[in-house]
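This is start_38.txt (compact mmCIF, C-alpha atoms).
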```
# COMPACT_ATOMS: atom_id res chain seq x y z
CA MET O 1 102.07 112.66 120.69
CA SER O 2 105.27 113.04 118.73
CA ASP O 3 103.86 110.68 116.11
CA GLN O 4 100.77 112.81 115.79
CA ARG O 5 102.81 115.99 115.32
CA HIS O 6 104.90 114.22 112.72
CA ASP O 7 101.74 113.23 110.83
CA ASP O 8 100.44 116.77 110.80
CA ASP O 9 103.72 118.13 109.48
CA HIS O 10 103.84 115.40 106.90
CA HIS O 11 100.36 116.17 105.60
CA HIS O 12 101.08 119.85 105.50
CA ASP O 13 104.29 119.33 103.51
CA HIS O 14 102.62 116.85 101.25
CA GLY O 15 100.00 119.38 100.25
CA SER O 16 102.43 122.10 99.23
CA GLU O 17 104.71 119.63 97.48
CA LEU O 18 101.84 118.32 95.42
CA SER O 19 101.24 121.57 93.63
CA GLU O 20 104.95 122.14 93.09
CA MET O 21 105.33 118.60 91.75
CA GLN O 22 102.31 119.04 89.49
CA LEU O 23 103.95 122.08 87.91
CA ARG O 24 107.36 120.47 87.51
CA VAL O 25 105.95 117.26 86.05
CA ARG O 26 103.71 119.16 83.65
CA ALA O 27 106.68 121.25 82.50
CA LEU O 28 108.78 118.15 81.83
CA GLU O 29 105.99 116.44 79.92
CA THR O 30 105.50 119.58 77.82
CA ILE O 31 109.20 119.63 76.94
CA LEU O 32 109.28 115.92 76.04
CA THR O 33 106.16 116.33 73.93
CA GLU O 34 107.34 119.49 72.14
CA LYS O 35 110.64 117.79 71.35
CA GLY O 36 108.76 114.90 69.80
CA TYR O 37 110.06 112.28 72.24
CA VAL O 38 106.71 111.08 73.57
CA ASP O 39 103.07 111.16 72.52
CA PRO O 40 100.96 112.13 75.57
CA LYS O 41 98.21 109.79 74.35
CA ALA O 42 100.64 106.90 74.73
CA LEU O 43 101.33 108.02 78.32
CA ASP O 44 97.56 108.05 78.95
CA LEU O 45 97.34 104.42 77.82
CA ILE O 46 100.15 103.29 80.13
CA ILE O 47 98.45 104.96 83.10
CA GLU O 48 95.08 103.52 82.16
CA ALA O 49 96.54 100.01 81.96
CA TYR O 50 97.91 100.23 85.50
CA GLU O 51 94.71 101.75 86.80
CA THR O 52 92.34 99.27 85.19
CA LYS O 53 94.01 96.15 83.81
CA VAL O 54 97.11 95.21 85.77
CA GLY O 55 96.58 94.51 89.44
CA PRO O 56 96.52 91.87 92.17
CA HIS O 57 93.56 90.13 90.48
CA ASN O 58 96.10 88.75 87.98
CA GLY O 59 98.13 87.10 90.72
CA ALA O 60 94.99 85.97 92.56
CA ARG O 61 93.86 83.98 89.52
CA VAL O 62 97.21 82.24 89.37
CA VAL O 63 97.11 81.36 93.07
CA ALA O 64 93.53 80.11 92.85
CA LYS O 65 94.43 77.90 89.91
CA ALA O 66 97.41 76.50 91.81
CA TRP O 67 95.12 75.68 94.75
CA ALA O 68 92.60 73.95 92.51
CA ASP O 69 94.92 72.21 90.06
CA PRO O 70 97.86 70.20 91.53
CA ASP O 71 99.52 69.77 88.16
CA PHE O 72 99.48 73.53 87.53
CA LYS O 73 100.83 74.12 91.04
CA ARG O 74 103.71 71.75 90.40
CA ARG O 75 104.56 73.53 87.14
CA LEU O 76 104.18 76.97 88.75
CA LEU O 77 106.67 76.14 91.49
CA GLN O 78 109.05 74.64 88.96
CA ASP O 79 109.00 77.56 86.48
CA GLY O 80 106.63 80.41 87.29
CA SER O 81 106.96 82.27 83.99
CA ALA O 82 106.45 79.15 81.87
CA ALA O 83 103.41 77.98 83.87
CA ILE O 84 101.71 81.39 83.76
CA ALA O 85 102.40 81.70 80.04
CA THR O 86 100.03 78.75 79.54
CA LEU O 87 97.14 80.76 81.01
CA GLY O 88 95.66 82.70 78.13
CA HIS O 89 93.47 84.87 80.35
CA THR O 90 96.32 86.24 82.45
CA SER O 91 98.44 89.17 81.36
CA ARG O 92 101.78 88.14 79.95
CA VAL O 93 104.69 88.05 82.33
CA GLY O 94 108.30 88.41 81.46
CA ASP O 95 110.95 85.93 82.32
CA HIS O 96 112.18 85.08 85.77
CA LEU O 97 108.98 84.91 87.83
CA VAL O 98 109.53 82.63 90.82
CA ALA O 99 106.59 81.34 92.88
CA VAL O 100 107.37 80.26 96.45
CA GLU O 101 104.96 78.17 98.51
CA ASN O 102 103.86 78.72 102.09
CA THR O 103 103.32 75.63 104.22
CA PRO O 104 102.38 75.10 107.89
CA ARG O 105 106.13 75.10 108.64
CA LEU O 106 107.37 77.80 106.23
CA HIS O 107 106.25 81.37 105.57
CA ASN O 108 107.71 83.33 102.66
CA MET O 109 107.98 87.11 102.42
CA VAL O 110 109.25 89.28 99.55
CA VAL O 111 111.12 92.59 99.74
CA CYS O 112 113.48 94.72 97.68
CA THR O 113 115.92 96.39 100.05
CA LEU O 114 117.84 98.24 97.30
CA CYS O 115 114.91 99.81 95.43
CA SER O 116 111.35 98.52 95.00
CA CYS O 117 111.43 95.51 92.66
CA TYR O 118 107.99 93.92 92.56
CA PRO O 119 106.12 91.54 90.23
CA TRP O 120 104.16 94.29 88.43
CA GLU O 121 102.48 91.97 85.93
CA MET O 122 101.10 89.82 88.72
CA LEU O 123 100.30 92.41 91.41
CA GLY O 124 100.16 95.80 89.68
CA LEU O 125 102.14 98.76 90.98
CA PRO O 126 103.51 98.31 94.50
CA PRO O 127 101.83 99.98 97.49
CA VAL O 128 103.58 102.94 99.13
CA TRP O 129 104.64 100.92 102.19
CA TYR O 130 106.46 98.38 100.01
CA LYS O 131 108.58 101.19 98.52
CA ALA O 132 109.17 103.02 101.80
CA ALA O 133 112.13 102.84 104.20
CA PRO O 134 110.42 101.09 107.15
CA TYR O 135 109.60 97.96 105.13
CA ARG O 136 112.77 97.92 103.05
CA SER O 137 115.01 98.28 106.10
CA ARG O 138 113.25 95.92 108.52
CA ALA O 139 111.93 93.04 106.41
CA VAL O 140 115.32 91.29 106.25
CA LYS O 141 116.21 91.82 109.91
CA ASP O 142 112.92 91.68 111.80
CA PRO O 143 110.31 90.00 109.61
CA ARG O 144 108.20 88.96 112.61
CA GLY O 145 108.06 92.59 113.71
CA VAL O 146 107.01 93.64 110.23
CA LEU O 147 104.31 90.96 110.20
CA ALA O 148 103.07 92.31 113.54
CA ASP O 149 102.65 95.74 111.88
CA PHE O 150 100.24 93.96 109.51
CA GLY O 151 98.48 92.23 112.38
CA VAL O 152 99.89 88.83 111.42
CA LYS O 153 101.23 86.51 114.12
CA LEU O 154 102.77 83.19 113.12
CA PRO O 155 103.68 80.30 115.44
CA ASN O 156 107.11 80.86 116.99
CA ASP O 157 108.55 77.78 115.31
CA THR O 158 107.35 78.61 111.80
CA GLU O 159 110.39 79.20 109.62
CA ILE O 160 110.35 82.59 107.92
CA ARG O 161 112.08 82.98 104.62
CA VAL O 162 112.67 86.50 103.28
CA TRP O 163 113.42 86.87 99.56
CA ASP O 164 115.34 90.07 98.78
CA SER O 165 114.71 90.90 95.09
CA THR O 166 118.20 92.08 94.22
CA ALA O 167 118.16 91.06 90.52
CA GLU O 168 115.56 90.83 87.73
CA THR O 169 114.01 87.72 89.23
CA ARG O 170 110.58 88.50 90.69
CA PHE O 171 108.86 86.61 93.47
CA ILE O 172 105.25 85.83 94.23
CA VAL O 173 104.14 83.97 97.35
CA LEU O 174 101.70 81.10 97.01
CA PRO O 175 99.77 81.46 100.28
CA MET O 176 98.22 78.49 102.08
CA ARG O 177 94.73 77.55 100.94
CA PRO O 178 92.25 78.26 103.73
CA ALA O 179 90.45 75.32 105.30
CA GLY O 180 86.78 74.88 104.47
CA THR O 181 87.16 75.70 100.76
CA GLU O 182 87.02 72.14 99.42
CA GLY O 183 85.27 72.00 96.08
CA TRP O 184 85.29 75.79 95.56
CA SER O 185 85.65 77.09 92.00
CA GLU O 186 88.80 78.95 91.01
CA GLU O 187 86.74 82.13 90.78
CA ARG O 188 85.51 81.80 94.37
CA LEU O 189 88.97 80.89 95.58
CA ALA O 190 90.51 83.94 93.86
CA ASP O 191 88.38 86.20 96.04
CA LEU O 192 90.27 84.91 99.10
CA VAL O 193 93.69 85.82 97.68
CA THR O 194 94.79 89.27 98.86
CA ARG O 195 97.66 91.31 97.48
CA ASP O 196 99.47 91.15 100.81
CA SER O 197 99.14 87.35 100.94
CA MET O 198 101.09 87.20 97.67
CA ILE O 199 103.82 89.50 99.07
CA GLY O 200 103.91 87.49 102.27
CA THR O 201 102.83 90.26 104.63
CA GLY O 202 99.38 88.75 104.95
CA LEU O 203 97.49 85.46 104.80
CA ALA O 204 94.70 84.44 102.48
CA LYS O 205 91.22 85.39 103.70
CA GLN O 206 89.12 82.82 105.51
CA PRO O 207 85.87 81.68 103.83
CA ALA O 208 83.84 83.82 106.28
CA GLU O 209 85.76 86.91 105.10
CA ALA O 210 85.05 86.35 101.40
CA GLY O 211 83.68 89.41 99.65
CA ARG O 212 85.05 91.82 102.24
CA MET M 1 127.82 102.58 95.95
CA ASN M 2 127.27 102.65 99.70
CA GLY M 3 124.21 104.87 99.49
CA VAL M 4 121.12 105.34 101.63
CA HIS M 5 119.16 103.33 99.07
CA ASP M 6 120.87 100.20 100.46
CA MET M 7 118.50 99.99 103.42
CA GLY M 8 118.50 96.35 104.47
CA GLY M 9 119.01 96.11 108.24
CA MET M 10 118.95 99.84 109.01
CA ASP M 11 117.10 100.88 112.17
CA GLY M 12 115.00 103.87 113.08
CA PHE M 13 112.56 104.21 110.19
CA GLY M 14 109.61 103.22 112.33
CA LYS M 15 106.60 101.02 111.72
CA VAL M 16 105.32 99.86 108.37
CA GLU M 17 102.08 101.71 107.69
CA PRO M 18 99.73 99.86 105.37
CA GLU M 19 97.08 102.08 103.77
CA PRO M 20 93.64 100.48 103.45
CA ASN M 21 92.13 100.73 99.95
CA GLU M 22 95.21 102.48 98.64
CA PRO M 23 94.71 104.15 95.24
CA VAL M 24 97.04 103.20 92.35
CA PHE M 25 98.25 106.82 92.28
CA HIS M 26 97.92 109.42 95.04
CA ALA M 27 97.95 112.32 92.57
CA PRO M 28 97.67 112.47 88.77
CA TRP M 29 101.29 113.65 88.41
CA GLU M 30 102.52 110.33 89.85
CA GLY M 31 100.99 108.49 86.92
CA ARG M 32 102.55 110.93 84.43
CA VAL M 33 105.99 110.40 86.02
CA MET M 34 105.61 106.62 85.91
CA ALA M 35 104.49 106.71 82.27
CA MET M 36 107.23 109.16 81.18
CA ASN M 37 109.83 106.89 82.75
CA ARG M 38 108.50 103.81 80.98
CA ALA M 39 108.21 105.68 77.70
CA MET M 40 111.67 107.23 77.71
CA GLY M 41 113.19 103.93 78.82
CA ALA M 42 111.52 102.25 75.84
CA THR M 43 113.15 104.70 73.42
CA GLY M 44 116.43 102.98 74.23
CA VAL M 45 118.30 105.96 75.71
CA TRP M 46 119.00 104.11 78.96
CA ASN M 47 118.11 100.79 80.58
CA ILE M 48 116.54 99.76 83.88
CA ASP M 49 119.89 99.62 85.70
CA MET M 50 120.83 103.15 84.66
CA GLY M 51 117.42 104.32 85.83
CA ARG M 52 118.02 102.76 89.24
CA PHE M 53 121.46 104.32 89.47
CA SER M 54 120.04 107.77 88.71
CA ARG M 55 117.90 107.49 91.83
CA GLU M 56 120.73 106.05 93.96
CA MET M 57 122.83 109.08 93.00
CA LEU M 58 120.35 111.51 94.56
CA PRO M 59 121.89 113.20 97.62
CA PRO M 60 121.03 111.17 100.75
CA HIS M 61 118.87 113.88 102.30
CA VAL M 62 116.91 114.24 99.06
CA TYR M 63 116.48 110.47 98.67
CA LEU M 64 115.17 110.06 102.21
CA ALA M 65 112.84 113.06 102.08
CA SER M 66 111.34 112.26 98.67
CA THR M 67 108.41 110.01 97.88
CA TYR M 68 108.87 107.18 95.40
CA TYR M 69 107.54 109.12 92.42
CA GLN M 70 109.44 112.27 93.41
CA LYS M 71 112.61 110.17 93.22
CA TRP M 72 111.52 108.83 89.84
CA PHE M 73 110.94 112.38 88.60
CA LEU M 74 114.31 113.66 89.84
CA GLY M 75 116.14 110.66 88.38
CA LEU M 76 114.34 110.99 85.04
CA GLN M 77 115.06 114.70 84.71
CA GLN M 78 118.71 114.17 85.63
CA MET M 79 119.16 111.40 83.03
CA LEU M 80 117.56 113.58 80.34
CA LEU M 81 119.85 116.49 81.23
CA GLU M 82 122.99 114.34 81.39
CA ARG M 83 122.34 112.90 77.94
CA GLY M 84 121.60 116.31 76.45
CA LEU M 85 118.06 115.26 75.53
CA ILE M 86 116.76 118.34 77.34
CA ASP M 87 118.57 121.43 78.62
CA ALA M 88 118.45 123.28 81.92
CA ASP M 89 117.04 126.43 80.31
CA GLU M 90 114.17 124.36 78.94
CA VAL M 91 113.41 122.98 82.42
CA GLY M 92 113.42 126.59 83.62
CA SER M 93 111.02 127.81 80.95
CA GLY M 94 108.81 124.72 80.84
CA HIS M 95 109.04 124.51 77.06
CA ALA M 96 111.32 123.07 74.38
CA LEU M 97 113.67 125.81 73.16
CA ARG M 98 115.34 123.67 70.48
CA PRO M 99 114.44 120.57 68.47
CA GLY M 100 114.68 117.08 69.92
CA LYS M 101 117.61 114.76 69.31
CA PRO M 102 117.39 111.38 67.59
CA LEU M 103 116.39 108.53 69.92
CA LYS M 104 117.77 105.00 69.53
CA ARG M 105 114.34 103.47 68.93
CA GLY M 106 112.52 106.64 67.89
CA ALA M 107 109.74 108.54 69.59
CA PHE M 108 107.40 106.72 71.99
CA THR M 109 103.95 106.44 70.41
CA VAL M 110 100.67 104.63 71.04
CA ALA M 111 102.00 101.70 68.99
CA ASP M 112 104.77 101.16 71.57
CA VAL M 113 102.53 100.84 74.63
CA ALA M 114 102.00 97.07 74.42
CA ARG M 115 105.75 96.57 74.35
CA VAL M 116 106.36 98.33 77.68
CA MET M 117 103.57 96.40 79.37
CA THR M 118 105.53 93.16 79.11
CA ARG M 119 108.83 92.73 80.88
CA GLY M 120 111.74 91.88 78.71
CA SER M 121 114.09 88.99 79.32
CA PHE M 122 117.40 89.56 81.05
CA ARG M 123 118.68 86.03 80.41
CA ARG M 124 121.61 85.70 78.03
CA PRO M 125 123.68 82.84 76.59
CA ALA M 126 126.36 81.68 79.03
CA PRO M 127 129.88 82.78 78.10
CA ALA M 128 131.37 80.23 80.53
CA ALA M 129 130.32 77.31 82.73
CA ALA M 130 128.74 78.08 86.10
CA ARG M 131 131.24 78.18 88.93
CA PHE M 132 128.74 77.16 91.61
CA LYS M 133 125.88 74.70 91.97
CA PRO M 134 123.00 74.41 94.47
CA GLY M 135 124.29 73.29 97.87
CA ASP M 136 127.67 75.02 97.53
CA ARG M 137 128.79 77.26 100.38
CA VAL M 138 129.80 80.73 99.25
CA ARG M 139 130.96 83.94 100.87
CA ALA M 140 129.67 87.27 99.58
CA LYS M 141 132.68 89.39 98.75
CA ASN M 142 133.59 92.31 100.96
CA ILE M 143 133.51 94.88 98.17
CA HIS M 144 132.48 98.53 98.22
CA PRO M 145 132.32 99.77 94.64
CA ARG M 146 131.65 103.50 94.19
CA THR M 147 129.46 102.69 91.20
CA HIS M 148 126.24 100.69 90.83
CA THR M 149 126.03 97.24 92.40
CA ARG M 150 123.23 94.90 93.41
CA LEU M 151 125.15 93.31 96.27
CA PRO M 152 123.56 94.76 99.41
CA ARG M 153 125.85 95.76 102.25
CA TYR M 154 124.17 93.56 104.84
CA VAL M 155 125.43 90.32 103.25
CA ARG M 156 128.99 91.40 102.39
CA GLY M 157 131.59 89.15 104.00
CA HIS M 158 128.96 86.62 105.10
CA VAL M 159 128.62 82.93 104.24
CA GLY M 160 125.52 81.45 102.64
CA VAL M 161 124.43 78.51 100.54
CA ILE M 162 123.59 78.48 96.83
CA GLU M 163 119.94 77.48 96.60
CA ARG M 164 118.93 78.12 92.99
CA ASP M 165 120.66 78.71 89.70
CA HIS M 166 118.80 81.22 87.49
CA GLY M 167 121.06 80.97 84.46
CA CYS M 168 123.11 83.79 82.98
CA HIS M 169 121.75 87.33 83.23
CA VAL M 170 122.68 90.87 82.22
CA PHE M 171 125.15 92.16 84.86
CA PRO M 172 123.90 95.54 86.17
CA ASP M 173 127.30 96.58 87.53
CA SER M 174 128.80 96.39 84.03
CA VAL M 175 125.87 98.04 82.27
CA VAL M 176 125.98 101.12 84.47
CA ALA M 177 129.77 101.31 84.20
CA GLY M 178 129.34 101.55 80.42
CA GLN M 179 130.94 98.15 79.87
CA GLY M 180 128.02 96.41 78.22
CA GLU M 181 125.81 93.54 79.36
CA ASN M 182 128.70 91.23 80.35
CA PRO M 183 126.30 88.36 81.29
CA GLN M 184 126.98 86.55 84.56
CA TRP M 185 125.52 83.53 86.34
CA LEU M 186 122.84 84.46 88.82
CA TYR M 187 122.08 82.45 91.97
CA THR M 188 119.72 82.61 94.91
CA VAL M 189 122.00 82.57 97.97
CA ARG M 190 120.41 81.78 101.35
CA PHE M 191 121.80 83.09 104.64
CA GLU M 192 120.98 82.16 108.23
CA SER M 193 119.74 85.15 110.24
CA ARG M 194 122.46 84.67 112.90
CA GLU M 195 125.16 84.73 110.21
CA LEU M 196 123.93 88.18 109.17
CA TRP M 197 122.64 89.70 112.40
CA GLY M 198 124.55 87.98 115.17
CA PRO M 199 123.75 85.58 118.01
CA ASP M 200 120.64 87.45 119.19
CA ALA M 201 118.84 87.11 115.87
CA ASP M 202 115.70 84.98 115.47
CA PRO M 203 117.02 81.52 114.43
CA THR M 204 113.82 80.67 112.54
CA VAL M 205 114.53 83.38 109.93
CA LYS M 206 116.45 82.83 106.71
CA ILE M 207 117.18 85.53 104.15
CA SER M 208 118.15 85.21 100.52
CA ILE M 209 119.45 87.53 97.86
CA ASP M 210 119.91 86.91 94.16
CA ALA M 211 123.65 87.27 93.60
CA PHE M 212 125.67 87.49 90.42
CA GLU M 213 128.68 85.17 90.30
CA PRO M 214 131.31 87.96 90.54
CA TYR M 215 129.86 88.81 93.99
CA LEU M 216 130.76 85.38 95.39
CA ASP M 217 133.79 83.40 96.53
CA PRO M 218 133.80 79.70 97.49
CA ALA M 219 133.57 79.20 101.27
```
Write out the structure in this file as structure tokens.
Amino acid sequence: MSDQRHDDDHHHDHGSELSEMQLRVRALETILTEKGYVDPKALDLIIEAYETKVGPHNGARVVAKAWADPDFKRRLLQDGSAAIATLGHTSRVGDHLVAVENTPRLHNMVVCTLCSCYPWEMLGLPPVWYKAAPYRSRAVKDPRGVLADFGVKLPNDTEIRVWDSTAETRFIVLPMRPAGTEGWSEERLADLVTRDSMIGTGLAKQPAEAGR
Amino acid sequence: MNGVHDMGGMDGFGKVEPEPNEPVFHAPWEGRVMAMNRAMGATGVWNIDMGRFSREMLPPHVYLASTYYQKWFLGLQQMLLERGLIDADEVGSGHALRPGKPLKRGAFTVADVARVMTRGSFRRPAPAAARFKPGDRVRAKNIHPRTHTRLPRYVRGHVGVIERDHGCHVFPDSVVAGQGENPQWLYTVRFESRELWGPDADPTVKISIDAFEPYLDPA
């Protein structure tokens, strides 16, 4: 019951804060524009890019290619930025992208305890939970508990490796390829790769879940 | 600084709550805040480390009670005020009351958008040989600087193993202290869960941070 009351309060506060924030943000943008610091049309284009172009589909293509092409996978794990730079169809990534591979014995998970560092070019803007205190505080201390919040249960003897993004290196998880996908095209495979599977808080979808 | 932003290992924040089909932004103003931050950062008046520090400097109760984009807004406005790029009376009136000041790289226009959509490189030529190599045992220093650092509290004083060498990178602690990029070797350092969290911790868990060389001593 206390959780429910908390939720109600939260939603109520959120509503009133929204309008106040709208006003404050609009005022700041007006000042920056009138001073000639920014062109609002340029701001529109940044927002549009994150709403339409940059998102988890970029990372999913990379994972699908790694599943389908052993040579690419080897290069991806060796130097993520260099390997992805060879893919013309993927958005450019900066330096320092590190891909880490899940195996039946090892599960990787990515967090940023100090702020919210995240591989934007590969996954888009991070979800709210990734930036919020529960995930940032618990991922390094109780990763199995965090996985349970996502409905993921791993075998007790699977090693869990948590990568805290404390510098400008960025991490993407290469999830395990689901069984029963032999011979699938990269495009079909990409549909199985979820955002959470590339953060390490989820697993890739099973073939029966494709399209959901 | 030992702020509330340094959250690794804290208890009491509750369950992680994933949101199905989460939108990119929950309100239009969030997108404007994100874009203003990227744009003003690209004009060269501060860098990514200074931006982070502006949010870490928020009072703890404000930091914890604010959403991500509220923190970004508060940090942005504070950095603009501190650098004299805007004034408090302008924030109050919602309009510019005097002309803008020159920006290092000029105003942010449509032509600059492509540049902010690609991350820059933080790697720099090495001023000295690396002190550590993969496999070396190191102890994270027990330091508590009042200024910006990327050494989280939960590893300080603990022993780990160098796993990867990322080359020499811009050192955030120096940048925010106004001492320039001062490039330092950067390593992935892996810790056993019981080293960090004691004998009751899950032994199948390992945790790593990326640590700049000045954070580490041989162990």
> Would you list which chain M residues are within 7 Å of chain O using only C-alpha atoms, as JSON, numbers by chain?
Replying inline: {"M": [5, 6, 7, 8, 9, 10, 11, 13, 14, 15, 16, 17, 18, 24, 29, 31, 32, 33, 35, 36, 39, 68, 91, 94, 95, 96, 99, 100, 107, 108, 109, 110, 113, 118, 119, 120, 121, 150, 204, 205, 206, 207, 208, 209, 210]}
> For the atom pair atom CA of Val100 of chain O and atom CA of Val175 of chain M, what is the interatomic distance in Å to one decimal place?
Replying inline: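 So the answer is 29.3 Å.
Checking M:Pro203, M:Pro23, M:Gly135, M:Pro214 one by one against Leu151 of chain M, counting only C-alpha atoms, you find the shortest gap at M:Pro214.
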>> List as JSON, numbers by chain the protein and nucleic acid residues near Arg55 of chain M, meaning an atom at most 12 Å away when only C-alpha atoms are counted, but skip any in the same chain fewer than 5 places from it.
In response: {"O": [114, 115, 116], "M": [1, 3, 4, 5, 6, 48, 49, 50, 60, 62, 63, 64, 66, 67, 68, 69, 70, 71, 72, 73, 74, 75, 76, 77, 78, 79, 148]}
Any chance you could export the current selection's C-alpha atoms as a PDB file, in the frame of the given file?
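Listing of again-v7.pdb after writing:
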```pdb
ATOM      1  CA  LEU O 114     117.840  98.240  97.300  1.00  0.00           C
ATOM      2  CA  CYS O 115     114.910  99.810  95.430  1.00  0.00           C
ATOM      3  CA  SER O 116     111.350  98.520  95.000  1.00  0.00           C
TER       4      SER O 116
ATOM      5  CA  MET M   1     127.820 102.580  95.950  1.00  0.00           C
ATOM      6  CA  GLY M   3     124.210 104.870  99.490  1.00  0.00           C
ATOM      7  CA  VAL M   4     121.120 105.340 101.630  1.00  0.00           C
ATOM      8  CA  HIS M   5     119.160 103.330  99.070  1.00  0.00           C
ATOM      9  CA  ASP M   6     120.870 100.200 100.460  1.00  0.00           C
ATOM     10  CA  ILE M  48     116.540  99.760  83.880  1.00  0.00           C
ATOM     11  CA  ASP M  49     119.890  99.620  85.700  1.00  0.00           C
ATOM     12  CA  MET M  50     120.830 103.150  84.660  1.00  0.00           C
ATOM     13  CA  PRO M  60     121.030 111.170 100.750  1.00  0.00           C
ATOM     14  CA  VAL M  62     116.910 114.240  99.060  1.00  0.00           C
ATOM     15  CA  TYR M  63     116.480 110.470  98.670  1.00  0.00           C
ATOM     16  CA  LEU M  64     115.170 110.060 102.210  1.00  0.00           C
ATOM     17  CA  SER M  66     111.340 112.260  98.670  1.00  0.00           C
ATOM     18  CA  THR M  67     108.410 110.010  97.880  1.00  0.00           C
ATOM     19  CA  TYR M  68     108.870 107.180  95.400  1.00  0.00           C
ATOM     20  CA  TYR M  69     107.540 109.120  92.420  1.00  0.00           C
ATOM     21  CA  GLN M  70     109.440 112.270  93.410  1.00  0.00           C
ATOM     22  CA  LYS M  71     112.610 110.170  93.220  1.00  0.00           C
ATOM     23  CA  TRP M  72     111.520 108.830  89.840  1.00  0.00           C
ATOM     24  CA  PHE M  73     110.940 112.380  88.600  1.00  0.00           C
ATOM     25  CA  LEU M  74     114.310 113.660  89.840  1.00  0.00           C
ATOM     26  CA  GLY M  75     116.140 110.660  88.380  1.00  0.00           C
ATOM     27  CA  LEU M  76     114.340 110.990  85.040  1.00  0.00           C
ATOM     28  CA  GLN M  77     115.060 114.700  84.710  1.00  0.00           C
ATOM     29  CA  GLN M  78     118.710 114.170  85.630  1.00  0.00           C
ATOM     30  CA  MET M  79     119.160 111.400  83.030  1.00  0.00           C
ATOM     31  CA  HIS M 148     126.240 100.690  90.830  1.00  0.00           C
TER      32      HIS M 148
END
```
> Distance atom CA of Trp46 of chain M-atom CA of Cys117 of chain O, one decimal place?
Replying inline: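 According to the coordinates, atom CA of Trp46 of chain M and atom CA of Cys117 of chain O are separated by 17.9 Å.
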> Near Gln184 of chain M, within 7 Å and counting all atoms listed in the file, which residues show up once chain neighbours fewer than 5 positions away are dropped, as number ranges by chain?
Replying inline: M: 168-171, 212-213
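Here atom CA of Ile84 of chain O stands at a distance of 10.2 Å from atom CA of Asn58 of chain O.
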>> Neighbouring residues of Trp184 of chain O were defined as those with any atom within 12 Å, considering only C-alpha atoms; residues of the same chain fewer than 3 positions away were excluded. Please report them as a list in words.
In response: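 Listing them by chain and then by number gives Ala64, Lys65, Trp67, Ala68, Asp69, Arg177, Pro178, Ala179, Gly180, Thr181, Glu187, Arg188, Leu189, Ala190, Asp191, Leu192 and Pro207 of chain O.
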